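Enquirer: I'd like to ask you about the structure that follows.
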Amino acid sequence: MTDVTHMPQQLTGVWRLASFHDVGEAGERLPGPLGPDPEGLLVYSELGHLSVTMMRTGDAPAAAPGTRPPATYMSYAGAWRREGDRVHHHITLAPDPAWLGTVQTRELRLDGDTLTLYGHALVGRPQLRVLEWHRAAAAGPAGEGGSQ
C-alpha cells in the first residue's frame with residue numbers, strides 16, 4: 001500500500017471554499033474573518049504554483065468607530081510543497097507587503113474530495129483558523145456556473 005500522505009498530486013487542482021472559521025481559546029467555533037458564508041478558490045498547480053482568493057458574501061458589518069472595517073477580500077499567491085500532513089505556502093504575491101517572502105505552514109486533512117487546512121492568522125494574534133475546501137467540478141464556459 002502506498003503512503004498517500006506524501007503524494008502532492010492528491011492536492012493538485014482547484015478547490016472551492018466550503019467553510020472558514022476561527023477556533024477560540026476553549027476550542028469553540030467562532031466566526032471567521034470573512035463572515036458566515038465566504039466564497040473562495042484555492043489552486044494548487046502540478047508545477048508547484050499556488051493561488052488563494054477568498055471573499056465575504058452579503059453585506060459586511062459596519063466598523064466600530066475608530067476601528068478598521070471588517071475584511072471583505074483576502075488573497076495571496078506563490079509556490080507550495082507538501083510534506084506529509086503539512087502543506088507549505090511560500091508567498092510571493094500579496095496585498096500586504098508584510099506577507100511577502102513568508103512561508104505559511106498548514107496542517108492538512110484530506111478525505112476524498114474534502115481538504116481541511118488548519119493554520120494561524122497572517123496578521124494580529126496567532127488565531128487558529130480552519131478552512132474546509134471541496135474539490136471543484138470542471139468549470140464551464142463563462143456564465144455557465146461550473147461550481148458544485
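Naming works like this for the C-alpha cells: A, B, ... for the chains as they're shown, residue 1 at the start of each chain, ligands 1 onward in shown order.
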Any chance you could list, as a PyMOL selection string, the residues in chain A that come up helix (DSSP H, G or I) when DSSP is run on the backbone?

Expert: chain A and resi 4-6+8-10+97-99

Enquirer: Which residues of segment 82-134 of chain A sit at most 10 Å from segment 45-68 of chain A, using only C-alpha atoms? Give each one's shortest atom pair and distance in Å (one decimal place), in chain and ascending residue order, as JSON lines.

Expert:
{"residue": "A:Arg82", "atom": "CA", "partner": "A:Gly48", "partner_atom": "CA", "distance": 9.7}
{"residue": "A:His89", "atom": "CA", "partner": "A:Leu50", "partner_atom": "CA", "distance": 7.4}
{"residue": "A:His90", "atom": "CA", "partner": "A:Leu50", "partner_atom": "CA", "distance": 8.5}
{"residue": "A:Ile91", "atom": "CA", "partner": "A:Leu50", "partner_atom": "CA", "distance": 8.6}
{"residue": "A:Thr92", "atom": "CA", "partner": "A:Leu50", "partner_atom": "CA", "distance": 9.8}
{"residue": "A:Leu93", "atom": "CA", "partner": "A:Ser51", "partner_atom": "CA", "distance": 9.1}
{"residue": "A:Ala94", "atom": "CA", "partner": "A:Val52", "partner_atom": "CA", "distance": 9.9}

Enquirer: Between atom CA of Gly84 of chain A and atom CA of Gly40 of chain A, what is the distance in Å, rounded to a tenth?

Expert: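 Going from atom CA of Gly84 of chain A over to atom CA of Gly40 of chain A, I get 24.6 Å.
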
Enquirer: So, with only C-alpha atoms as the atoms that count, which of A:Asp113, A:Glu25, A:Glu107, A:Asp85 lies closest to Pro126 of chain A?

Expert: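 That would be A:Glu25, the residue with the smallest distance to Pro126 of chain A.
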
Enquirer: Compare A:Val23, A:Leu122, A:Leu110, A:Ala79 by their minimum atom-to-atom distance to Ala98 of chain A, counting only C-alpha atoms, and give me the closest one.

Expert: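 So, comparing all the options, the nearest one is A:Leu122.
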